[in-house]
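Student: Just one file: model_26.cif, with mmCIF, C-alpha atoms and all ligand atoms.
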data_input
loop_
_atom_site.label_atom_id
_atom_site.label_comp_id
_atom_site.auth_asym_id
_atom_site.auth_seq_id
_atom_site.Cartn_x
_atom_site.Cartn_y
_atom_site.Cartn_z
CA MET K 1 106.29 93.39 110.57
CA SER K 2 102.59 92.88 109.96
CA ALA K 3 100.64 89.89 111.25
CA VAL K 4 100.19 88.49 107.74
CA LYS K 5 103.15 86.41 106.63
CA ALA K 6 103.28 86.16 102.87
CA ALA K 7 106.08 85.24 100.50
CA ALA K 8 106.32 86.39 96.92
CA ILE K 9 107.81 84.17 94.24
CA ILE K 10 108.68 86.06 91.08
CA VAL K 11 109.55 83.71 88.23
CA ALA K 12 112.16 85.21 85.95
CA ALA K 13 114.01 82.23 84.51
CA GLY K 14 112.45 82.30 81.05
CA ARG K 15 114.30 83.11 77.84
CA GLY K 16 111.73 85.59 76.58
CA GLU K 17 112.05 84.17 73.07
CA ARG K 18 108.86 85.72 71.71
CA ALA K 19 110.03 89.18 72.84
CA GLY K 20 113.40 88.76 71.13
CA GLY K 21 115.39 86.63 73.62
CA GLY K 22 119.05 87.64 74.03
CA ASP K 23 121.58 87.34 76.86
CA PHE K 24 119.38 89.54 79.05
CA PRO K 25 115.81 88.83 77.95
CA LYS K 26 112.61 90.80 78.48
CA GLN K 27 112.61 90.71 82.30
CA PHE K 28 115.84 92.76 82.27
CA LYS K 29 114.77 95.25 79.59
CA PRO K 30 114.01 98.78 80.79
CA LEU K 31 110.46 99.99 81.11
CA LEU K 32 110.07 103.66 82.04
CA GLY K 33 113.70 103.67 83.07
CA ARG K 34 113.65 100.57 85.29
CA PRO K 35 114.16 96.87 84.43
CA ILE K 36 110.84 95.05 84.06
CA LEU K 37 111.64 92.64 86.92
CA ALA K 38 112.49 95.52 89.27
CA TRP K 39 108.90 96.84 89.09
CA SER K 40 107.45 93.67 90.65
CA ILE K 41 110.21 93.42 93.25
CA ARG K 42 109.38 96.97 94.34
CA ALA K 43 105.63 96.35 94.38
CA PHE K 44 106.01 93.42 96.78
CA ALA K 45 108.66 95.20 98.86
CA ALA K 46 106.33 98.18 99.31
CA ASP K 47 103.68 95.95 100.92
CA PRO K 48 104.45 95.11 104.56
CA ARG K 49 102.41 91.89 104.35
CA PHE K 50 105.30 90.37 102.38
CA GLY K 51 108.16 89.20 104.57
CA LYS K 52 110.07 87.38 101.85
CA ILE K 53 110.65 87.98 98.15
CA ILE K 54 112.05 85.09 96.12
CA VAL K 55 113.27 85.63 92.59
CA VAL K 56 113.64 82.47 90.54
CA THR K 57 116.10 82.97 87.72
CA LYS K 58 119.05 81.45 85.92
CA ARG K 59 122.25 81.25 87.94
CA GLU K 60 124.09 83.34 85.35
CA TRP K 61 121.64 86.20 86.03
CA PHE K 62 121.94 86.18 89.86
CA ASP K 63 124.29 89.19 89.92
CA GLN K 64 122.09 91.10 87.53
CA VAL K 65 119.01 90.48 89.71
CA SER K 66 120.83 91.51 92.92
CA ALA K 67 121.91 94.75 91.23
CA LEU K 68 118.48 95.69 89.94
CA ALA K 69 116.87 94.95 93.34
CA GLU K 70 118.66 98.12 94.51
CA GLY K 71 119.07 97.16 98.15
CA ILE K 72 115.78 95.27 98.50
CA ASP K 73 116.44 91.91 100.15
CA VAL K 74 115.63 89.13 97.64
CA THR K 75 116.26 85.40 97.93
CA LEU K 76 117.71 84.05 94.70
CA VAL K 77 116.67 80.59 93.56
CA GLU K 78 117.73 78.78 90.42
CA GLY K 79 115.01 78.22 87.82
CA GLY K 80 114.17 75.13 85.82
CA PRO K 81 113.52 74.28 82.16
CA THR K 82 109.77 75.04 82.37
CA ARG K 83 107.82 77.64 84.27
CA THR K 84 106.31 74.90 86.45
CA ASP K 85 109.83 73.71 87.37
CA SER K 86 110.81 77.28 88.25
CA VAL K 87 107.73 77.70 90.45
CA ARG K 88 108.43 74.37 92.18
CA ASN K 89 111.94 75.51 93.07
CA GLY K 90 110.55 78.77 94.41
CA LEU K 91 107.95 76.97 96.51
CA GLU K 92 110.62 74.81 98.13
CA SER K 93 112.51 77.94 99.11
CA SER K 94 109.40 79.71 100.42
CA ALA K 95 108.77 76.89 102.89
CA ASN K 96 112.34 77.04 104.20
CA GLY K 97 112.72 78.05 107.83
CA SER K 98 110.14 80.86 107.96
CA GLU K 99 106.55 81.14 109.12
CA VAL K 100 105.07 81.83 105.72
CA GLU K 101 101.32 81.37 105.54
CA PHE K 102 100.57 82.58 102.01
CA VAL K 103 102.52 82.52 98.80
CA PHE K 104 101.99 84.76 95.77
CA ILE K 105 103.43 83.40 92.51
CA HIS K 106 104.04 86.11 89.94
CA ASP K 107 105.45 86.44 86.41
CA ALA K 108 108.39 88.84 86.21
CA ALA K 109 106.98 89.73 82.80
CA ARG K 110 104.00 91.50 84.45
CA PRO K 111 105.47 94.74 85.84
CA GLY K 112 102.15 96.52 86.41
CA LEU K 113 101.43 95.07 89.84
CA ASP K 114 99.86 97.35 92.43
CA ARG K 115 98.39 97.34 95.92
CA GLU K 116 94.78 97.18 94.73
CA VAL K 117 95.29 93.81 93.06
CA LEU K 118 97.17 92.47 96.10
CA ASP K 119 94.36 93.63 98.42
CA GLY K 120 91.78 91.78 96.30
CA LEU K 121 93.84 88.59 96.42
CA PHE K 122 94.36 88.78 100.18
CA ALA K 123 90.60 89.26 100.63
CA ALA K 124 89.86 86.19 98.49
CA LEU K 125 92.42 84.13 100.44
CA GLU K 126 90.30 84.65 103.56
CA VAL K 127 87.61 82.55 101.88
CA PHE K 128 89.50 80.26 99.49
CA PRO K 129 92.79 78.31 99.65
CA ALA K 130 93.72 79.86 96.28
CA ALA K 131 92.96 83.15 94.53
CA ILE K 132 93.74 84.58 91.09
CA PRO K 133 93.29 88.00 89.43
CA VAL K 134 90.97 87.87 86.43
CA LEU K 135 89.44 90.18 83.86
CA ARG K 136 86.01 89.41 82.43
CA VAL K 137 86.04 89.06 78.66
CA ALA K 138 84.21 92.00 77.08
CA ASP K 139 84.72 91.37 73.36
CA ALA K 140 82.69 88.93 71.28
CA LEU K 141 84.55 85.64 70.88
CA LEU K 142 84.74 83.20 68.02
CA ARG K 143 86.66 80.17 66.89
CA ASP K 144 88.22 80.45 63.46
CA HIS K 145 87.78 77.36 61.30
CA SER K 146 89.57 79.18 58.40
CA SER K 147 88.24 79.66 54.85
CA GLY K 148 85.73 82.23 56.08
CA SER K 149 84.11 79.93 58.58
CA GLN K 150 83.86 80.64 62.30
CA SER K 151 81.66 79.68 65.17
CA GLU K 152 80.68 82.02 68.00
CA ILE K 153 81.68 81.27 71.56
CA ASP K 154 79.42 82.31 74.40
CA ARG K 155 81.54 84.68 76.50
CA GLU K 156 79.28 84.40 79.55
CA GLY K 157 81.48 83.57 82.54
CA LEU K 158 84.74 83.69 80.54
CA CYS K 159 87.77 85.29 82.21
CA ARG K 160 91.32 86.21 81.29
CA VAL K 161 93.69 85.02 83.98
CA GLN K 162 96.68 87.00 85.26
CA THR K 163 99.25 86.71 88.03
CA PRO K 164 100.10 86.92 90.91
CA GLN K 165 98.29 83.73 91.78
CA ALA K 166 97.94 83.45 95.53
CA PHE K 167 97.74 80.37 97.72
CA HIS K 168 97.77 79.12 101.26
CA LEU K 169 101.28 77.68 101.36
CA THR K 170 100.67 74.17 102.71
CA PRO K 171 97.99 73.08 100.21
CA ILE K 172 99.81 74.47 97.16
CA ILE K 173 103.01 72.70 98.15
CA ALA K 174 100.99 69.49 98.51
CA ALA K 175 99.38 70.12 95.11
CA PHE K 176 102.79 70.48 93.43
CA LYS K 177 104.03 67.33 95.19
CA SER K 178 101.07 65.33 93.92
CA LEU K 179 101.72 66.48 90.34
CA PRO K 180 102.44 63.46 88.12
CA ALA K 181 105.86 63.67 86.41
CA GLY K 182 105.61 65.47 83.08
CA ALA K 183 102.07 66.74 83.78
CA SER K 184 101.36 69.98 81.96
CA HIS K 185 99.10 72.67 83.38
CA VAL K 186 98.36 76.09 82.03
CA ASP K 187 99.20 77.88 85.28
CA ASP K 188 99.60 77.43 89.04
CA ALA K 189 95.88 77.73 89.75
CA ALA K 190 95.28 74.83 87.34
CA ILE K 191 97.62 72.74 89.49
CA ALA K 192 95.63 73.76 92.58
CA ARG K 193 92.36 72.87 90.86
CA ALA K 194 93.71 69.48 89.80
CA ALA K 195 94.44 68.84 93.47
CA GLY K 196 90.84 69.68 94.36
CA LEU K 197 91.41 73.19 95.74
CA ALA K 198 88.73 75.84 95.24
CA VAL K 199 90.06 78.97 93.54
CA GLY K 200 88.61 82.38 94.36
CA LEU K 201 88.50 85.15 91.75
CA ALA K 202 89.75 88.67 92.47
CA PRO K 203 89.83 91.72 90.19
CA GLY K 204 92.76 91.85 87.79
CA HIS K 205 93.85 94.96 85.90
CA GLU K 206 94.66 95.74 82.26
CA ARG K 207 97.95 97.16 83.53
CA LEU K 208 98.90 93.67 84.74
CA MET K 209 99.24 92.50 81.13
CA LYS K 210 102.16 90.22 80.37
CA VAL K 211 104.94 91.59 78.20
CA THR K 212 105.25 88.82 75.63
CA HIS K 213 105.94 90.30 72.17
CA PRO K 214 108.23 93.18 71.10
CA GLY K 215 105.27 95.55 70.63
CA ASP K 216 104.17 94.99 74.23
CA PHE K 217 106.92 97.17 75.72
CA ALA K 218 105.49 100.41 74.34
CA GLU K 219 101.93 99.29 75.11
CA MET K 220 102.95 98.50 78.69
CA GLU K 221 104.65 101.88 79.13
CA ALA K 222 101.46 103.58 78.02
CA ARG K 223 99.39 101.49 80.44
CA MET K 224 101.66 102.14 83.39
CA GLY K 225 100.83 105.80 82.80
CA LEU K 226 102.94 108.83 83.49
CA ARG K 227 101.62 111.56 85.72
CA PRO K 228 103.06 115.04 85.46
CA ALA K 229 104.51 116.48 88.66
CA ILE K 230 105.78 120.04 88.97
CA GLY K 231 108.31 121.60 91.29
CA ASN K 232 109.73 125.04 91.88
CA GLY K 233 113.01 126.30 93.24
CA PHE K 234 114.38 129.65 94.34
CA ASP K 235 117.91 130.71 95.23
CA VAL K 236 119.74 133.90 96.09
CA HIS K 237 123.46 134.59 96.31
CA GLU K 238 125.19 137.77 97.38
CA PHE K 239 127.92 139.46 95.33
CA GLU K 240 131.43 139.82 96.76
CA PRO K 241 134.65 141.06 95.18
CA GLY K 242 135.69 138.96 92.20
CA ASP K 243 135.82 138.91 88.41
CA HIS K 244 133.15 136.44 87.24
CA VAL K 245 129.98 134.62 88.23
CA ILE K 246 128.97 131.05 87.35
CA LEU K 247 125.41 130.57 86.16
CA CYS K 248 124.19 127.22 84.83
CA GLY K 249 127.77 126.03 84.68
CA VAL K 250 128.83 128.95 82.44
CA LYS K 251 131.51 131.44 83.47
CA ILE K 252 130.25 135.01 82.95
CA PRO K 253 132.82 137.82 83.36
CA TYR K 254 131.63 140.46 85.85
CA ALA K 255 132.98 142.93 88.37
CA ALA K 256 131.97 140.66 91.27
CA LYS K 257 131.55 137.00 92.12
CA LEU K 258 128.79 135.16 93.96
CA LYS K 259 129.38 134.29 97.58
CA GLY K 260 128.61 130.74 98.65
CA HIS K 261 129.87 127.45 99.99
CA SER K 262 129.91 125.71 96.60
CA ASP K 263 130.49 127.56 93.32
CA ALA K 264 127.34 129.59 94.19
CA ASP K 265 125.66 128.78 90.86
CA ALA K 266 122.21 130.10 91.76
CA GLY K 267 120.81 128.86 88.44
CA PHE K 268 121.73 125.22 89.02
CA HIS K 269 120.74 125.46 92.69
CA ALA K 270 117.23 126.69 91.83
CA LEU K 271 116.89 124.00 89.16
CA THR K 272 118.06 121.32 91.59
CA ASP K 273 115.41 122.38 94.10
CA ALA K 274 112.72 122.44 91.40
CA LEU K 275 113.51 118.82 90.47
CA LEU K 276 113.67 117.71 94.11
CA GLY K 277 110.37 119.50 94.70
CA ALA K 278 108.69 117.65 91.83
CA ILE K 279 109.47 114.31 93.48
CA SER K 280 108.95 115.57 97.05
CA ALA K 281 112.55 114.73 97.91
CA GLY K 282 113.34 117.64 100.21
CA ASP K 283 115.73 120.38 99.17
CA ILE K 284 119.32 120.82 98.12
CA GLY K 285 120.44 121.41 101.72
CA ASP K 286 119.09 117.99 102.76
CA HIS K 287 121.17 116.26 100.11
CA PHE K 288 124.29 118.45 100.22
CA PRO K 289 124.53 120.09 103.67
CA PRO K 290 126.52 123.37 103.50
CA THR K 291 128.13 122.31 106.77
CA GLU K 292 129.97 119.52 104.95
CA GLU K 293 133.48 120.48 103.97
CA LYS K 294 133.48 118.27 100.89
CA TRP K 295 131.00 120.55 99.10
CA ARG K 296 133.24 123.62 99.49
CA GLY K 297 133.76 125.08 96.00
CA ALA K 298 131.93 122.10 94.49
CA PRO K 299 130.74 122.53 90.89
CA SER K 300 126.96 122.67 91.10
CA ASP K 301 126.39 120.37 88.13
CA LEU K 302 126.99 117.63 90.73
CA PHE K 303 123.87 118.71 92.62
CA LEU K 304 121.77 118.95 89.49
CA ALA K 305 122.97 115.56 88.21
CA HIS K 306 122.04 114.05 91.58
CA ALA K 307 118.50 115.44 91.35
CA ARG K 308 118.22 114.04 87.81
CA GLN K 309 119.37 110.66 89.06
CA LEU K 310 116.74 110.69 91.85
CA VAL K 311 114.00 111.42 89.29
CA GLU K 312 115.23 108.58 87.08
CA ALA K 313 115.52 106.19 90.03
CA ARG K 314 111.76 106.61 90.44
CA GLY K 315 111.24 105.64 86.83
CA GLY K 316 110.55 109.30 86.05
CA ARG K 317 111.60 111.54 83.18
CA ILE K 318 112.17 115.25 83.07
CA SER K 319 109.75 116.85 80.65
CA ASN K 320 111.12 120.41 80.75
CA VAL K 321 112.71 122.98 83.03
CA ASP K 322 112.47 126.75 83.03
CA LEU K 323 114.68 129.27 84.79
CA THR K 324 114.51 133.01 85.38
CA ILE K 325 117.62 134.86 86.51
CA ILE K 326 116.80 138.09 88.34
CA CYS K 327 119.56 140.73 88.35
CA GLU K 328 120.51 144.15 86.97
CA ALA K 329 123.92 142.83 85.91
CA PRO K 330 125.69 140.91 84.54
CA LYS K 331 123.78 140.71 81.29
CA VAL K 332 122.72 137.07 80.91
CA LYS K 333 121.39 137.15 77.37
CA PRO K 334 124.76 136.81 75.55
CA PHE K 335 125.38 133.59 77.52
CA ARG K 336 121.87 132.21 77.37
CA GLU K 337 122.42 129.62 74.63
CA GLN K 338 125.53 128.31 76.36
CA MET K 339 123.61 128.07 79.64
CA ARG K 340 120.77 126.19 77.97
CA ALA K 341 123.20 123.78 76.33
CA GLU K 342 125.05 123.12 79.58
CA THR K 343 121.80 122.60 81.53
CA ALA K 344 120.54 120.26 78.82
CA ARG K 345 123.79 118.30 78.96
CA VAL K 346 123.63 117.77 82.72
CA LEU K 347 119.95 116.81 82.62
CA GLY K 348 120.16 114.63 79.51
CA LEU K 349 117.63 116.88 77.73
CA LYS K 350 117.45 118.62 74.39
CA SER K 351 118.02 122.37 74.43
CA ASP K 352 114.38 122.96 73.53
CA GLN K 353 113.39 121.38 76.87
CA VAL K 354 115.32 124.07 78.73
CA GLY K 355 114.03 127.63 79.04
CA ILE K 356 116.31 130.38 80.38
CA LYS K 357 115.20 133.97 80.83
CA ALA K 358 116.51 136.98 82.67
CA THR K 359 114.84 140.03 84.10
CA THR K 360 115.65 143.02 86.28
CA THR K 361 113.59 144.37 89.16
CA GLU K 362 113.65 147.89 87.72
CA GLY K 363 116.25 148.97 90.24
CA LEU K 364 114.14 147.87 93.20
CA GLY K 365 115.18 145.67 96.10
CA PHE K 366 118.47 143.87 96.69
CA THR K 367 118.85 142.84 93.06
CA GLY K 368 118.10 146.41 92.00
CA ARG K 369 120.86 147.63 94.32
CA ARG K 370 123.18 145.05 92.73
CA GLU K 371 123.82 143.37 96.07
CA GLY K 372 123.21 139.92 94.65
CA LEU K 373 121.12 137.94 92.23
CA ALA K 374 118.20 135.54 92.44
CA ALA K 375 117.13 132.56 90.37
CA LEU K 376 113.65 131.11 90.08
CA ALA K 377 113.12 127.68 88.50
CA SER K 378 110.26 125.39 87.52
CA ALA K 379 110.50 121.76 86.51
CA CYS K 380 107.95 119.34 85.12
CA VAL K 381 108.71 115.65 85.54
CA LEU K 382 106.69 112.65 84.39
CA LEU K 383 106.36 109.94 87.00
CA PRO K 384 105.00 106.42 86.54
CA GLY K 385 101.90 105.21 88.27
CA GLY K 386 99.22 107.64 87.24
CA ASP K 387 95.45 106.98 87.41
N1 LIG E 401 109.61 81.51 83.36
C1 LIG E 401 110.46 80.90 84.28
N2 LIG E 401 111.06 79.71 83.98
C2 LIG E 401 110.87 79.12 82.78
C3 LIG E 401 110.02 79.72 81.85
C4 LIG E 401 109.39 80.90 82.16
O1 LIG E 401 110.68 81.44 85.36
N3 LIG E 401 111.51 78.01 82.53
C5 LIG E 401 108.99 82.79 83.69
C6 LIG E 401 109.36 83.90 82.72
O2 LIG E 401 110.61 84.48 83.07
C7 LIG E 401 108.19 84.86 82.83
C8 LIG E 401 107.03 83.97 83.25
O3 LIG E 401 107.59 82.69 83.58
O4 LIG E 401 108.40 85.86 83.80
C9 LIG E 401 105.97 83.86 82.16
O5 LIG E 401 106.47 83.14 81.04
P1 LIG E 401 106.60 83.72 79.56
O6 LIG E 401 105.88 84.99 79.42
O7 LIG E 401 106.29 82.60 78.64
O8 LIG E 401 108.16 84.09 79.50
P2 LIG E 401 109.31 83.38 78.70
O9 LIG E 401 109.17 81.91 78.81
O10 LIG E 401 110.57 83.98 79.18
O11 LIG E 401 109.02 83.88 77.22
P3 LIG E 401 108.91 82.99 75.89
O12 LIG E 401 107.88 81.94 76.18
O13 LIG E 401 108.51 83.98 74.85
O14 LIG E 401 110.29 82.43 75.66
MG MG E 402 107.41 80.87 78.02
#
Would you put the structure from the file into structure tokens?
Tutor:
Amino acid sequence: MSAVKAAAIIVAAGRGERAGGGDFPKQFKPLLGRPILAWSIRAFAADPRFGKIIVVTKREWFDQVSALAEGIDVTLVEGGPTRTDSVRNGLESSANGSEVEFVFIHDAARPGLDREVLDGLFAALEVFPAAIPVLRVADALLRDHSSGSQSEIDREGLCRVQTPQAFHLTPIIAAFKSLPAGASHVDDAAIARAAGLAVGLAPGHERLMKVTHPGDFAEMEARMGLRPAIGNGFDVHEFEPGDHVILCGVKIPYAAKLKGHSDADAGFHALTDALLGAISAGDIGDHFPPTEEKWRGAPSDLFLAHARQLVEARGGRISNVDLTIICEAPKVKPFREQMRAETARVLGLKSDQVGIKATTTEGLGFTGRREGLAALASACVLLPGGD
């Protein structure tokens, strides 16, 4: 545990009406394969300065929030009718029984939070009792009086304000307590200001935009960025007496079978390693040790589906995979389309995202002597968080 004791309050009790509302509004909608709220939970959980993460939401969504937190410890607090009410409930919980010094209040609807923004806020909190992320306004501004009439607004000193808004805990709690009943403020920093607290400015980020309208989901996905990551995989299995081999889940009649602990599907094994490699998640043996009895004779689509699931758990997508089978026999070509279709099925891809080729080694080496076959795979995955 680091010396800094900060709590995060993520407010997620809104109805998301402008984004389409529904039983599970915008904070639960997927963005790059992960619910919007889950992105912020993970950003705070990844920063050791945060010892407590509070999610303020409706009671009927508590189970949903626990599930999407995927093992991260979150304190659930019931929200109120307005955002200010929700924040107040969160603040009460943040003061409960822990030595919290700072509190960061964040909109669930802003999934693009990263370490850089948090660092800027922590730095500002060394000087000020409150700190907010802002973006300077770059466009010209005007006020529309309608009927073709506008007046220009001087943009000098104007900022767009984002969250998380960060505070020393004691003064912000006092500021909320001194709030007159029914008082309306634009955000938490406005409540701090009304209580006489100085607010420091830290750099915000375009990626921290709030998802508000239906069109914002696609815009946000683009801003989160996807970086390509590649991986490769290689596997060899020896032939032994038998009457068929299994390659990419397809049974191919042959005068031998492949020796191995599982079904010895070298194609799926190489593809599994390529996917694991692309996300730096070790290799197939780390996930499915050959020493474990339960994998004896296991169909290898299990391994490949697991690798797919690990990619998706990181908010990633598989862009394409490519596989080369190296052997003199059996002939792979007649089964190629079936192998592509089966690989595509397991990976949730279209057939045109799956390449399968076969080659010989011109009679050379162990494949040339028909002692076994080899498979060589590449995978390209797209992972969030590029720039
Ligand atoms: N929020 C909250 N409690 C409320 C209202 C809003 O916790 N009573 C949260 C929202 O869940 C959101 C954040 O405050 O994460 C910012 O509010 P906004 O973008 O306005 O979200 P909604 O109020 O849900 O959306 P809308 O105003 O379109 O209904
Ligand atoms: Mg709202």
Student: Under the rule of at most 7 Å, produce a per-residue listing of chain K near ligand LIG 401 (chain E): chain, number, name, the closest pair of atoms, and the distance in Å, as JSON lines, using only C-alpha atoms and all ligand atoms.
Tutor:
{"residue": "K:Val11", "atom": "CA", "partner": "E:LIG401", "partner_atom": "O1", "distance": 3.8}
{"residue": "K:Ala12", "atom": "CA", "partner": "E:LIG401", "partner_atom": "O2", "distance": 3.4}
{"residue": "K:Ala13", "atom": "CA", "partner": "E:LIG401", "partner_atom": "O1", "distance": 3.5}
{"residue": "K:Gly14", "atom": "CA", "partner": "E:LIG401", "partner_atom": "O10", "distance": 3.1}
{"residue": "K:Arg15", "atom": "CA", "partner": "E:LIG401", "partner_atom": "O10", "distance": 4.1}
{"residue": "K:Gly16", "atom": "CA", "partner": "E:LIG401", "partner_atom": "O11", "distance": 3.3}
{"residue": "K:Glu17", "atom": "CA", "partner": "E:LIG401", "partner_atom": "O14", "distance": 3.6}
{"residue": "K:Arg18", "atom": "CA", "partner": "E:LIG401", "partner_atom": "O13", "distance": 3.6}
{"residue": "K:Ala19", "atom": "CA", "partner": "E:LIG401", "partner_atom": "O13", "distance": 5.8}
{"residue": "K:Gly21", "atom": "CA", "partner": "E:LIG401", "partner_atom": "O14", "distance": 6.9}
{"residue": "K:Gln27", "atom": "CA", "partner": "E:LIG401", "partner_atom": "O2", "distance": 6.6}
{"residue": "K:Val56", "atom": "CA", "partner": "E:LIG401", "partner_atom": "O1", "distance": 6.1}
{"residue": "K:Thr57", "atom": "CA", "partner": "E:LIG401", "partner_atom": "O1", "distance": 6.1}
{"residue": "K:Gly79", "atom": "CA", "partner": "E:LIG401", "partner_atom": "N2", "distance": 5.7}
{"residue": "K:Gly80", "atom": "CA", "partner": "E:LIG401", "partner_atom": "N3", "distance": 5.1}
{"residue": "K:Pro81", "atom": "CA", "partner": "E:LIG401", "partner_atom": "N3", "distance": 4.3}
{"residue": "K:Thr82", "atom": "CA", "partner": "E:LIG401", "partner_atom": "N3", "distance": 3.4}
{"residue": "K:Arg83", "atom": "CA", "partner": "E:LIG401", "partner_atom": "C2", "distance": 3.7}
{"residue": "K:Asp85", "atom": "CA", "partner": "E:LIG401", "partner_atom": "N3", "distance": 6.7}
{"residue": "K:Ser86", "atom": "CA", "partner": "E:LIG401", "partner_atom": "N2", "distance": 4.9}
{"residue": "K:Val87", "atom": "CA", "partner": "E:LIG401", "partner_atom": "O1", "distance": 7.0}
{"residue": "K:Asp107", "atom": "CA", "partner": "E:LIG401", "partner_atom": "O4", "distance": 4.0}
{"residue": "K:Ala108", "atom": "CA", "partner": "E:LIG401", "partner_atom": "O4", "distance": 3.8}
{"residue": "K:Ala109", "atom": "CA", "partner": "E:LIG401", "partner_atom": "O4", "distance": 4.2}
{"residue": "K:Lys210", "atom": "CA", "partner": "E:LIG401", "partner_atom": "O6", "distance": 6.5}
{"residue": "K:Val211", "atom": "CA", "partner": "E:LIG401", "partner_atom": "O6", "distance": 6.8}
{"residue": "K:Thr212", "atom": "CA", "partner": "E:LIG401", "partner_atom": "O6", "distance": 5.4}
Student: Env of K:Pro241: 10 Å cut, atoms = all atoms listed in the file, seq-sep filter 6 positions within chain, self excluded. Answer as a PyMOL selection string.
Tutor: chain K and resi 254-259
Student: Can you write just those residues out, C-alpha atoms, as an mmCIF file, in the frame of the given file?
Tutor:
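result_37.cif written:
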data_model
loop_
_atom_site.group_PDB
_atom_site.id
_atom_site.type_symbol
_atom_site.label_atom_id
_atom_site.label_comp_id
_atom_site.auth_asym_id
_atom_site.auth_seq_id
_atom_site.Cartn_x
_atom_site.Cartn_y
_atom_site.Cartn_z
ATOM 1 C CA TYR K 254 131.630 140.460 85.850
ATOM 2 C CA ALA K 255 132.980 142.930 88.370
ATOM 3 C CA ALA K 256 131.970 140.660 91.270
ATOM 4 C CA LYS K 257 131.550 137.000 92.120
ATOM 5 C CA LEU K 258 128.790 135.160 93.960
ATOM 6 C CA LYS K 259 129.380 134.290 97.580
#
Student: Could you pull the residues within 10 Å of K:Leu302, counting only C-alpha atoms, minus those fewer than 4 positions along the same chain, as a tab-separated table (two decimals) with C-alpha atoms, keeping the file's coordinate frame?
Tutor:
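Result saved to part00.tsv:
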chain	number	residue	atom	x	y	z
K	268	PHE	CA	121.73	125.22	89.02
K	272	THR	CA	118.06	121.32	91.59
K	288	PHE	CA	124.29	118.45	100.22
K	295	TRP	CA	131.00	120.55	99.10
K	298	ALA	CA	131.93	122.10	94.49
K	306	HIS	CA	122.04	114.05	91.58
K	307	ALA	CA	118.50	115.44	91.35
K	308	ARG	CA	118.22	114.04	87.81
K	346	VAL	CA	123.63	117.77	82.72
Student: Find the distance between atom CA of K:Ser40 and atom CA of K:Glu219 and write it in Å to one decimal.
Tutor: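 Separation between atom CA of K:Ser40 and atom CA of K:Glu219: 17.4 Å.
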Student: Using only C-alpha atoms, list the residues that have an atom at most 12 Å from (123.1, 123.9, 100.9), coordinates as in the file, as a VMD selection string.
Tutor: chain K and resid 235 to 237 260 to 266 269 to 270 272 to 273 282 to 298 300 303
Student: Enter the distance from atom CA of K:Ala305 to atom CA of K:Leu347, in Å, rounded to one decimal.
Tutor: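 According to the coordinates, atom CA of K:Ala305 and atom CA of K:Leu347 are separated by 6.5 Å.
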Student: Ranking K:Ile172, K:Val186, K:Leu32, K:Ala7 by minimum distance to ligand MG 402 (chain E) and counting all atoms listed in the file, which one comes first?
Tutor: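 Residue with the minimum atom-to-atom distance to ligand MG 402 (chain E): K:Val186.
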Student: Report the distance between atom CA of K:Lys350 and atom CA of K:Glu337 in Å, rounded to one decimal place.
Tutor: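 Taking atom CA of K:Lys350 and atom CA of K:Glu337, their separation equals 12.1 Å.
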